[in-house]
Amino acid sequence: MTEASEGARILLVEDEQNIALALKFLIEKMGHKVTHIDDGHRALSEVVGLAPDLVLLDVTLPGASGYEVCQHIRASRALDATRVLILTARGADIERRKALALGADGFMSKPFEMSELQAQVSALLASPREA
């Protein structure tokens, strides 16, 4: 596991450019390396090669949904240690339950406070993922 103090590898999968820019800036300010992908199909094809410590994953994406990407991550033994945090405007409890049932480690409804996101990222990176 990469220690948060060394800077984790974060994959940000978000198709809204203004949101992606703000999140990328915030996460890099925390000392982490961020790779941004704006398409679900591209995320499916590149996530294993990137082997991120954490994936910040929007649900509504072009190509493949965030749920499909999450399922793909959980199906890959190479990504057992990768944590997944779902970020979505779909804030209903059923969406949260679906995300967690598909293997997400966390769920945040947009809009959210940046301090909440920072706390959630830090918490997820501080503990090993239980497969």
# chains A, B, ... in the order shown; residues from 1 in each chain; ligands from 1

call {"tool": "residues_around", "arguments": {"residues": "A:Ala89", "least_positions_apart": "2", "cutoff": "9 Å", "atoms": "only C-alpha atoms", "output": "PyMOL selection string"}}
result
chain A and resi 58-60+87+91-92+108-111

call {"tool": "write_last_selection", "arguments": {"atoms": "all heavy atoms", "output": "PDB file, in the first residue's frame"}}
result
ATOM      1  N   ASP A  58     -17.227   8.875 -10.998  1.00  0.00           N
ATOM      2  CA  ASP A  58     -18.574   9.380 -11.249  1.00  0.00           C
ATOM      3  C   ASP A  58     -19.419   8.217 -11.761  1.00  0.00           C
ATOM      4  O   ASP A  58     -18.889   7.265 -12.327  1.00  0.00           O
ATOM      5  CB  ASP A  58     -18.512  10.499 -12.290  1.00  0.00           C
ATOM      6  CG  ASP A  58     -19.837  11.224 -12.480  1.00  0.00           C
ATOM      7  OD1 ASP A  58     -20.708  11.144 -11.600  1.00  0.00           O
ATOM      8  OD2 ASP A  58     -19.999  11.872 -13.532  1.00  0.00           O
ATOM      9  N   VAL A  59     -20.727   8.278 -11.588  1.00  0.00           N
ATOM     10  CA  VAL A  59     -21.605   7.208 -12.057  1.00  0.00           C
ATOM     11  C   VAL A  59     -22.019   7.433 -13.504  1.00  0.00           C
ATOM     12  O   VAL A  59     -21.953   6.535 -14.331  1.00  0.00           O
ATOM     13  CB  VAL A  59     -22.859   7.080 -11.156  1.00  0.00           C
ATOM     14  CG1 VAL A  59     -23.886   6.148 -11.775  1.00  0.00           C
ATOM     15  CG2 VAL A  59     -22.459   6.570  -9.781  1.00  0.00           C
ATOM     16  N   THR A  60     -22.431   8.664 -13.822  1.00  0.00           N
ATOM     17  CA  THR A  60     -22.937   8.965 -15.150  1.00  0.00           C
ATOM     18  C   THR A  60     -21.779   9.399 -16.049  1.00  0.00           C
ATOM     19  O   THR A  60     -21.287  10.519 -15.940  1.00  0.00           O
ATOM     20  CB  THR A  60     -24.002  10.073 -15.079  1.00  0.00           C
ATOM     21  OG1 THR A  60     -24.978   9.697 -14.112  1.00  0.00           O
ATOM     22  CG2 THR A  60     -24.667  10.277 -16.420  1.00  0.00           C
ATOM     23  N   LEU A  87     -18.665   9.107  -6.627  1.00  0.00           N
ATOM     24  CA  LEU A  87     -19.090  10.499  -6.491  1.00  0.00           C
ATOM     25  C   LEU A  87     -20.214  10.718  -7.494  1.00  0.00           C
ATOM     26  O   LEU A  87     -19.989  10.603  -8.698  1.00  0.00           O
ATOM     27  CB  LEU A  87     -17.933  11.452  -6.823  1.00  0.00           C
ATOM     28  CG  LEU A  87     -16.626  11.238  -6.087  1.00  0.00           C
ATOM     29  CD1 LEU A  87     -15.552  12.173  -6.647  1.00  0.00           C
ATOM     30  CD2 LEU A  87     -16.810  11.476  -4.597  1.00  0.00           C
ATOM     31  N   GLY A  91     -28.130  10.991  -5.431  1.00  0.00           N
ATOM     32  CA  GLY A  91     -27.905  10.833  -4.005  1.00  0.00           C
ATOM     33  C   GLY A  91     -28.856   9.917  -3.262  1.00  0.00           C
ATOM     34  O   GLY A  91     -28.771   9.789  -2.060  1.00  0.00           O
ATOM     35  N   ALA A  92     -29.767   9.264  -3.980  1.00  0.00           N
ATOM     36  CA  ALA A  92     -30.746   8.414  -3.313  1.00  0.00           C
ATOM     37  C   ALA A  92     -30.074   7.259  -2.587  1.00  0.00           C
ATOM     38  O   ALA A  92     -29.021   6.775  -3.000  1.00  0.00           O
ATOM     39  CB  ALA A  92     -31.749   7.889  -4.336  1.00  0.00           C
ATOM     40  N   MET A 108     -20.251   9.299  -2.094  1.00  0.00           N
ATOM     41  CA  MET A 108     -20.535  10.691  -1.741  1.00  0.00           C
ATOM     42  C   MET A 108     -21.478  11.283  -2.768  1.00  0.00           C
ATOM     43  O   MET A 108     -21.287  11.110  -3.974  1.00  0.00           O
ATOM     44  CB  MET A 108     -19.241  11.516  -1.695  1.00  0.00           C
ATOM     45  CG  MET A 108     -18.321  11.123  -0.559  1.00  0.00           C
ATOM     46  SD  MET A 108     -16.874  12.200  -0.436  1.00  0.00           S
ATOM     47  CE  MET A 108     -17.638  13.692   0.189  1.00  0.00           C
ATOM     48  N   SER A 109     -22.506  11.987  -2.281  1.00  0.00           N
ATOM     49  CA  SER A 109     -23.465  12.652  -3.152  1.00  0.00           C
ATOM     50  C   SER A 109     -22.973  14.054  -3.479  1.00  0.00           C
ATOM     51  O   SER A 109     -22.541  14.782  -2.584  1.00  0.00           O
ATOM     52  CB  SER A 109     -24.826  12.752  -2.466  1.00  0.00           C
ATOM     53  OG  SER A 109     -25.354  11.484  -2.224  1.00  0.00           O
ATOM     54  N   LYS A 110     -23.056  14.415  -4.755  1.00  0.00           N
ATOM     55  CA  LYS A 110     -22.745  15.777  -5.179  1.00  0.00           C
ATOM     56  C   LYS A 110     -23.993  16.617  -4.950  1.00  0.00           C
ATOM     57  O   LYS A 110     -25.103  16.125  -5.161  1.00  0.00           O
ATOM     58  CB  LYS A 110     -22.397  15.818  -6.675  1.00  0.00           C
ATOM     59  CG  LYS A 110     -21.169  15.055  -7.068  1.00  0.00           C
ATOM     60  CD  LYS A 110     -21.027  15.109  -8.577  1.00  0.00           C
ATOM     61  CE  LYS A 110     -19.930  14.234  -9.101  1.00  0.00           C
ATOM     62  NZ  LYS A 110     -19.920  14.197 -10.566  1.00  0.00           N
ATOM     63  N   PRO A 111     -23.868  17.867  -4.551  1.00  0.00           N
ATOM     64  CA  PRO A 111     -22.603  18.528  -4.215  1.00  0.00           C
ATOM     65  C   PRO A 111     -22.151  18.135  -2.811  1.00  0.00           C
ATOM     66  O   PRO A 111     -22.966  17.765  -1.972  1.00  0.00           O
ATOM     67  CB  PRO A 111     -22.970  20.015  -4.268  1.00  0.00           C
ATOM     68  CG  PRO A 111     -24.419  20.048  -3.909  1.00  0.00           C
ATOM     69  CD  PRO A 111     -25.017  18.763  -4.446  1.00  0.00           C
TER      70      PRO A 111
END

call {"tool": "residues_around", "arguments": {"residues": "A:Lys24", "least_positions_apart": "2", "cutoff": "9 Å", "atoms": "only C-alpha atoms", "output": "PyMOL selection string"}}
result
chain A and resi 12+19-22+26-29+33-36

call {"tool": "select_by_dssp", "arguments": {"residues": "stretch 19-124 of chain A", "states": "strand (DSSP E)", "output": "compact mmCIF listing (two decimals) with all heavy atoms, in the first residue's frame"}}
result
# COMPACT_ATOMS: atom_id res chain seq x y z
N LYS A 33 -0.81 11.98 -6.76
CA LYS A 33 -0.67 12.03 -8.22
C LYS A 33 -2.01 11.66 -8.83
O LYS A 33 -2.55 10.58 -8.53
CB LYS A 33 0.41 11.04 -8.67
CG LYS A 33 0.67 11.06 -10.16
CD LYS A 33 1.75 10.04 -10.51
CE LYS A 33 2.17 10.11 -11.95
NZ LYS A 33 1.13 9.85 -12.92
N VAL A 34 -2.56 12.52 -9.67
CA VAL A 34 -3.88 12.31 -10.24
C VAL A 34 -3.80 12.09 -11.74
O VAL A 34 -3.17 12.85 -12.46
CB VAL A 34 -4.81 13.53 -9.97
CG1 VAL A 34 -6.18 13.32 -10.60
CG2 VAL A 34 -4.93 13.78 -8.48
N THR A 35 -4.47 11.03 -12.20
CA THR A 35 -4.67 10.79 -13.62
C THR A 35 -6.16 10.96 -13.87
O THR A 35 -6.98 10.37 -13.15
CB THR A 35 -4.25 9.35 -14.01
OG1 THR A 35 -2.87 9.18 -13.69
CG2 THR A 35 -4.47 9.10 -15.49
N HIS A 36 -6.51 11.77 -14.87
CA HIS A 36 -7.92 12.03 -15.16
C HIS A 36 -8.34 11.32 -16.44
O HIS A 36 -7.66 11.41 -17.45
CB HIS A 36 -8.16 13.55 -15.29
CG HIS A 36 -9.53 13.88 -15.76
ND1 HIS A 36 -9.76 14.72 -16.81
CD2 HIS A 36 -10.76 13.48 -15.33
CE1 HIS A 36 -11.07 14.83 -17.01
NE2 HIS A 36 -11.68 14.09 -16.12
N ILE A 37 -9.46 10.62 -16.38
CA ILE A 37 -10.08 10.00 -17.55
C ILE A 37 -11.53 10.47 -17.57
O ILE A 37 -12.19 10.49 -16.53
CB ILE A 37 -10.00 8.45 -17.46
CG1 ILE A 37 -8.55 8.00 -17.58
CG2 ILE A 37 -10.86 7.80 -18.55
CD1 ILE A 37 -8.35 6.49 -17.45
N LEU A 54 -6.51 4.56 -5.42
CA LEU A 54 -7.89 4.99 -5.22
C LEU A 54 -8.46 5.47 -6.54
O LEU A 54 -7.77 6.14 -7.30
CB LEU A 54 -7.94 6.13 -4.18
CG LEU A 54 -9.27 6.83 -3.94
CD1 LEU A 54 -10.31 5.88 -3.33
CD2 LEU A 54 -9.08 8.05 -3.04
N VAL A 55 -9.72 5.11 -6.79
CA VAL A 55 -10.45 5.61 -7.96
C VAL A 55 -11.60 6.47 -7.46
O VAL A 55 -12.42 6.01 -6.67
CB VAL A 55 -10.99 4.46 -8.83
CG1 VAL A 55 -11.79 5.01 -10.02
CG2 VAL A 55 -9.87 3.55 -9.31
N LEU A 56 -11.62 7.73 -7.89
CA LEU A 56 -12.74 8.63 -7.65
C LEU A 56 -13.61 8.51 -8.89
O LEU A 56 -13.18 8.88 -9.99
CB LEU A 56 -12.28 10.07 -7.45
CG LEU A 56 -11.33 10.31 -6.28
CD1 LEU A 56 -10.94 11.77 -6.21
CD2 LEU A 56 -11.94 9.86 -4.97
N LEU A 57 -14.81 7.99 -8.74
CA LEU A 57 -15.59 7.51 -9.88
C LEU A 57 -16.98 8.11 -9.93
O LEU A 57 -17.81 7.87 -9.04
CB LEU A 57 -15.66 5.98 -9.76
CG LEU A 57 -16.30 5.16 -10.84
CD1 LEU A 57 -15.62 5.39 -12.20
CD2 LEU A 57 -16.20 3.68 -10.47
N ASP A 58 -17.23 8.88 -11.00
CA ASP A 58 -18.57 9.38 -11.25
C ASP A 58 -19.42 8.22 -11.76
O ASP A 58 -18.89 7.26 -12.33
CB ASP A 58 -18.51 10.50 -12.29
CG ASP A 58 -19.84 11.22 -12.48
OD1 ASP A 58 -20.71 11.14 -11.60
OD2 ASP A 58 -20.00 11.87 -13.53
N ARG A 83 -8.98 1.10 -3.82
CA ARG A 83 -10.21 1.57 -3.21
C ARG A 83 -11.02 2.36 -4.24
O ARG A 83 -10.44 3.00 -5.12
CB ARG A 83 -9.93 2.48 -2.00
CG ARG A 83 -9.74 1.69 -0.72
CD ARG A 83 -8.39 1.07 -0.58
NE ARG A 83 -7.44 2.00 0.04
CZ ARG A 83 -6.14 1.99 -0.24
NH1 ARG A 83 -5.62 1.15 -1.09
NH2 ARG A 83 -5.32 2.82 0.35
N VAL A 84 -12.35 2.31 -4.13
CA VAL A 84 -13.23 3.02 -5.05
C VAL A 84 -14.17 3.91 -4.25
O VAL A 84 -14.85 3.44 -3.33
CB VAL A 84 -14.07 2.02 -5.90
CG1 VAL A 84 -15.06 2.78 -6.79
CG2 VAL A 84 -13.16 1.13 -6.74
N LEU A 85 -14.18 5.18 -4.61
CA LEU A 85 -15.10 6.15 -4.01
C LEU A 85 -16.02 6.67 -5.11
O LEU A 85 -15.55 7.30 -6.06
CB LEU A 85 -14.33 7.31 -3.36
CG LEU A 85 -15.15 8.44 -2.76
CD1 LEU A 85 -16.09 7.93 -1.68
CD2 LEU A 85 -14.23 9.53 -2.20
N ILE A 86 -17.31 6.35 -4.98
CA ILE A 86 -18.30 6.80 -5.95
C ILE A 86 -18.70 8.24 -5.61
O ILE A 86 -19.03 8.54 -4.46
CB ILE A 86 -19.55 5.90 -5.92
CG1 ILE A 86 -19.21 4.45 -6.29
CG2 ILE A 86 -20.67 6.46 -6.80
CD1 ILE A 86 -18.96 4.18 -7.74
N LEU A 87 -18.66 9.11 -6.63
CA LEU A 87 -19.09 10.50 -6.49
C LEU A 87 -20.21 10.72 -7.49
O LEU A 87 -19.99 10.60 -8.70
CB LEU A 87 -17.93 11.45 -6.82
CG LEU A 87 -16.63 11.24 -6.09
CD1 LEU A 87 -15.55 12.17 -6.65
CD2 LEU A 87 -16.81 11.48 -4.60
N THR A 88 -21.41 11.02 -7.02
CA THR A 88 -22.53 11.13 -7.95
C THR A 88 -23.58 12.14 -7.50
O THR A 88 -23.75 12.36 -6.31
CB THR A 88 -23.19 9.76 -8.18
OG1 THR A 88 -24.23 9.89 -9.16
CG2 THR A 88 -23.77 9.20 -6.91
N GLY A 106 -16.71 3.56 -0.75
CA GLY A 106 -17.34 4.76 -0.22
C GLY A 106 -18.26 5.37 -1.26
O GLY A 106 -18.19 5.03 -2.45
N PHE A 107 -19.10 6.29 -0.81
CA PHE A 107 -20.10 6.92 -1.66
C PHE A 107 -20.32 8.34 -1.18
O PHE A 107 -20.52 8.55 0.02
CB PHE A 107 -21.41 6.12 -1.57
CG PHE A 107 -22.54 6.65 -2.40
CD1 PHE A 107 -22.80 6.11 -3.65
CD2 PHE A 107 -23.36 7.66 -1.93
CE1 PHE A 107 -23.86 6.57 -4.42
CE2 PHE A 107 -24.42 8.14 -2.69
CZ PHE A 107 -24.67 7.58 -3.94
N MET A 108 -20.25 9.30 -2.09
CA MET A 108 -20.54 10.69 -1.74
C MET A 108 -21.48 11.28 -2.77
O MET A 108 -21.29 11.11 -3.97
CB MET A 108 -19.24 11.52 -1.69
CG MET A 108 -18.32 11.12 -0.56
SD MET A 108 -16.87 12.20 -0.44
CE MET A 108 -17.64 13.69 0.19
N SER A 109 -22.51 11.99 -2.28
CA SER A 109 -23.47 12.65 -3.15
C SER A 109 -22.97 14.05 -3.48
O SER A 109 -22.54 14.78 -2.58
CB SER A 109 -24.83 12.75 -2.47
OG SER A 109 -25.35 11.48 -2.22

call {"tool": "atom_distance", "arguments": {"atom1": "atom CA of A:Thr82", "atom2": "atom CA of A:Ile94"}}
result
23.5 Å

call {"tool": "select_by_dssp", "arguments": {"residues": "stretch 8-51 of chain A", "states": "helix (DSSP H, G or I)", "output": "NGL selection string"}}
result
:A and (17-29 or 40-50)

call {"tool": "write_last_selection", "arguments": {"atoms": "N, CA and C atoms", "output": "PDB file, in the first residue's frame"}}
result
ATOM      1  N   GLN A  17     -15.788  18.589 -17.112  1.00  0.00           N
ATOM      2  CA  GLN A  17     -14.441  19.156 -17.033  1.00  0.00           C
ATOM      3  C   GLN A  17     -14.252  20.115 -15.864  1.00  0.00           C
ATOM      4  N   ASN A  18     -15.261  20.955 -15.578  1.00  0.00           N
ATOM      5  CA  ASN A  18     -15.098  21.909 -14.471  1.00  0.00           C
ATOM      6  C   ASN A  18     -14.979  21.187 -13.127  1.00  0.00           C
ATOM      7  N   ILE A  19     -15.752  20.126 -12.946  1.00  0.00           N
ATOM      8  CA  ILE A  19     -15.662  19.340 -11.710  1.00  0.00           C
ATOM      9  C   ILE A  19     -14.315  18.625 -11.653  1.00  0.00           C
ATOM     10  N   ALA A  20     -13.912  18.042 -12.778  1.00  0.00           N
ATOM     11  CA  ALA A  20     -12.644  17.314 -12.833  1.00  0.00           C
ATOM     12  C   ALA A  20     -11.464  18.223 -12.501  1.00  0.00           C
ATOM     13  N   LEU A  21     -11.458  19.439 -13.043  1.00  0.00           N
ATOM     14  CA  LEU A  21     -10.358  20.373 -12.766  1.00  0.00           C
ATOM     15  C   LEU A  21     -10.281  20.714 -11.286  1.00  0.00           C
ATOM     16  N   ALA A  22     -11.436  20.975 -10.678  1.00  0.00           N
ATOM     17  CA  ALA A  22     -11.460  21.317  -9.253  1.00  0.00           C
ATOM     18  C   ALA A  22     -10.995  20.138  -8.392  1.00  0.00           C
ATOM     19  N   LEU A  23     -11.484  18.944  -8.705  1.00  0.00           N
ATOM     20  CA  LEU A  23     -11.094  17.762  -7.928  1.00  0.00           C
ATOM     21  C   LEU A  23      -9.613  17.441  -8.113  1.00  0.00           C
ATOM     22  N   LYS A  24      -9.129  17.547  -9.348  1.00  0.00           N
ATOM     23  CA  LYS A  24      -7.714  17.267  -9.626  1.00  0.00           C
ATOM     24  C   LYS A  24      -6.833  18.230  -8.834  1.00  0.00           C
ATOM     25  N   PHE A  25      -7.174  19.506  -8.847  1.00  0.00           N
ATOM     26  CA  PHE A  25      -6.420  20.512  -8.099  1.00  0.00           C
ATOM     27  C   PHE A  25      -6.406  20.186  -6.610  1.00  0.00           C
ATOM     28  N   LEU A  26      -7.579  19.872  -6.060  1.00  0.00           N
ATOM     29  CA  LEU A  26      -7.697  19.576  -4.636  1.00  0.00           C
ATOM     30  C   LEU A  26      -6.870  18.351  -4.246  1.00  0.00           C
ATOM     31  N   ILE A  27      -6.978  17.279  -5.012  1.00  0.00           N
ATOM     32  CA  ILE A  27      -6.282  16.034  -4.682  1.00  0.00           C
ATOM     33  C   ILE A  27      -4.767  16.200  -4.847  1.00  0.00           C
ATOM     34  N   GLU A  28      -4.346  16.927  -5.883  1.00  0.00           N
ATOM     35  CA  GLU A  28      -2.911  17.180  -6.048  1.00  0.00           C
ATOM     36  C   GLU A  28      -2.383  18.044  -4.912  1.00  0.00           C
ATOM     37  N   LYS A  29      -3.191  18.984  -4.443  1.00  0.00           N
ATOM     38  CA  LYS A  29      -2.806  19.827  -3.314  1.00  0.00           C
ATOM     39  C   LYS A  29      -2.587  18.993  -2.049  1.00  0.00           C
ATOM     40  N   GLY A  40     -16.062   6.310 -19.561  1.00  0.00           N
ATOM     41  CA  GLY A  40     -16.149   5.017 -18.903  1.00  0.00           C
ATOM     42  C   GLY A  40     -15.427   3.894 -19.640  1.00  0.00           C
ATOM     43  N   HIS A  41     -15.557   3.852 -20.978  1.00  0.00           N
ATOM     44  CA  HIS A  41     -14.869   2.794 -21.742  1.00  0.00           C
ATOM     45  C   HIS A  41     -13.354   2.911 -21.600  1.00  0.00           C
ATOM     46  N   ARG A  42     -12.856   4.132 -21.661  1.00  0.00           N
ATOM     47  CA  ARG A  42     -11.413   4.337 -21.512  1.00  0.00           C
ATOM     48  C   ARG A  42     -10.957   3.932 -20.115  1.00  0.00           C
ATOM     49  N   ALA A  43     -11.762   4.235 -19.110  1.00  0.00           N
ATOM     50  CA  ALA A  43     -11.429   3.827 -17.744  1.00  0.00           C
ATOM     51  C   ALA A  43     -11.352   2.305 -17.649  1.00  0.00           C
ATOM     52  N   LEU A  44     -12.305   1.608 -18.283  1.00  0.00           N
ATOM     53  CA  LEU A  44     -12.292   0.146 -18.282  1.00  0.00           C
ATOM     54  C   LEU A  44     -11.002  -0.401 -18.880  1.00  0.00           C
ATOM     55  N   SER A  45     -10.546   0.219 -19.964  1.00  0.00           N
ATOM     56  CA  SER A  45      -9.364  -0.308 -20.652  1.00  0.00           C
ATOM     57  C   SER A  45      -8.050   0.096 -19.999  1.00  0.00           C
ATOM     58  N   GLU A  46      -8.040   1.180 -19.227  1.00  0.00           N
ATOM     59  CA  GLU A  46      -6.774   1.677 -18.686  1.00  0.00           C
ATOM     60  C   GLU A  46      -6.562   1.455 -17.192  1.00  0.00           C
ATOM     61  N   VAL A  47      -7.608   1.135 -16.443  1.00  0.00           N
ATOM     62  CA  VAL A  47      -7.491   1.094 -14.982  1.00  0.00           C
ATOM     63  C   VAL A  47      -6.494   0.042 -14.504  1.00  0.00           C
ATOM     64  N   VAL A  48      -6.456  -1.130 -15.118  1.00  0.00           N
ATOM     65  CA  VAL A  48      -5.533  -2.173 -14.654  1.00  0.00           C
ATOM     66  C   VAL A  48      -4.085  -1.723 -14.852  1.00  0.00           C
ATOM     67  N   GLY A  49      -3.779  -1.133 -15.998  1.00  0.00           N
ATOM     68  CA  GLY A  49      -2.422  -0.654 -16.270  1.00  0.00           C
ATOM     69  C   GLY A  49      -2.000   0.476 -15.346  1.00  0.00           C
ATOM     70  N   LEU A  50      -2.954   1.295 -14.935  1.00  0.00           N
ATOM     71  CA  LEU A  50      -2.640   2.411 -14.036  1.00  0.00           C
ATOM     72  C   LEU A  50      -2.461   1.940 -12.598  1.00  0.00           C
TER      73      LEU A  50
END

call {"tool": "atom_distance", "arguments": {"atom1": "atom CA of A:Arg9", "atom2": "atom CA of A:Glu95"}}
result
26.1 Å

call {"tool": "closest_residue", "arguments": {"among": "A:Glu16, A:Glu68, A:Asp38, A:Glu6", "to": "A:Leu125", "atoms": "only C-alpha atoms"}}
result
A:Glu6
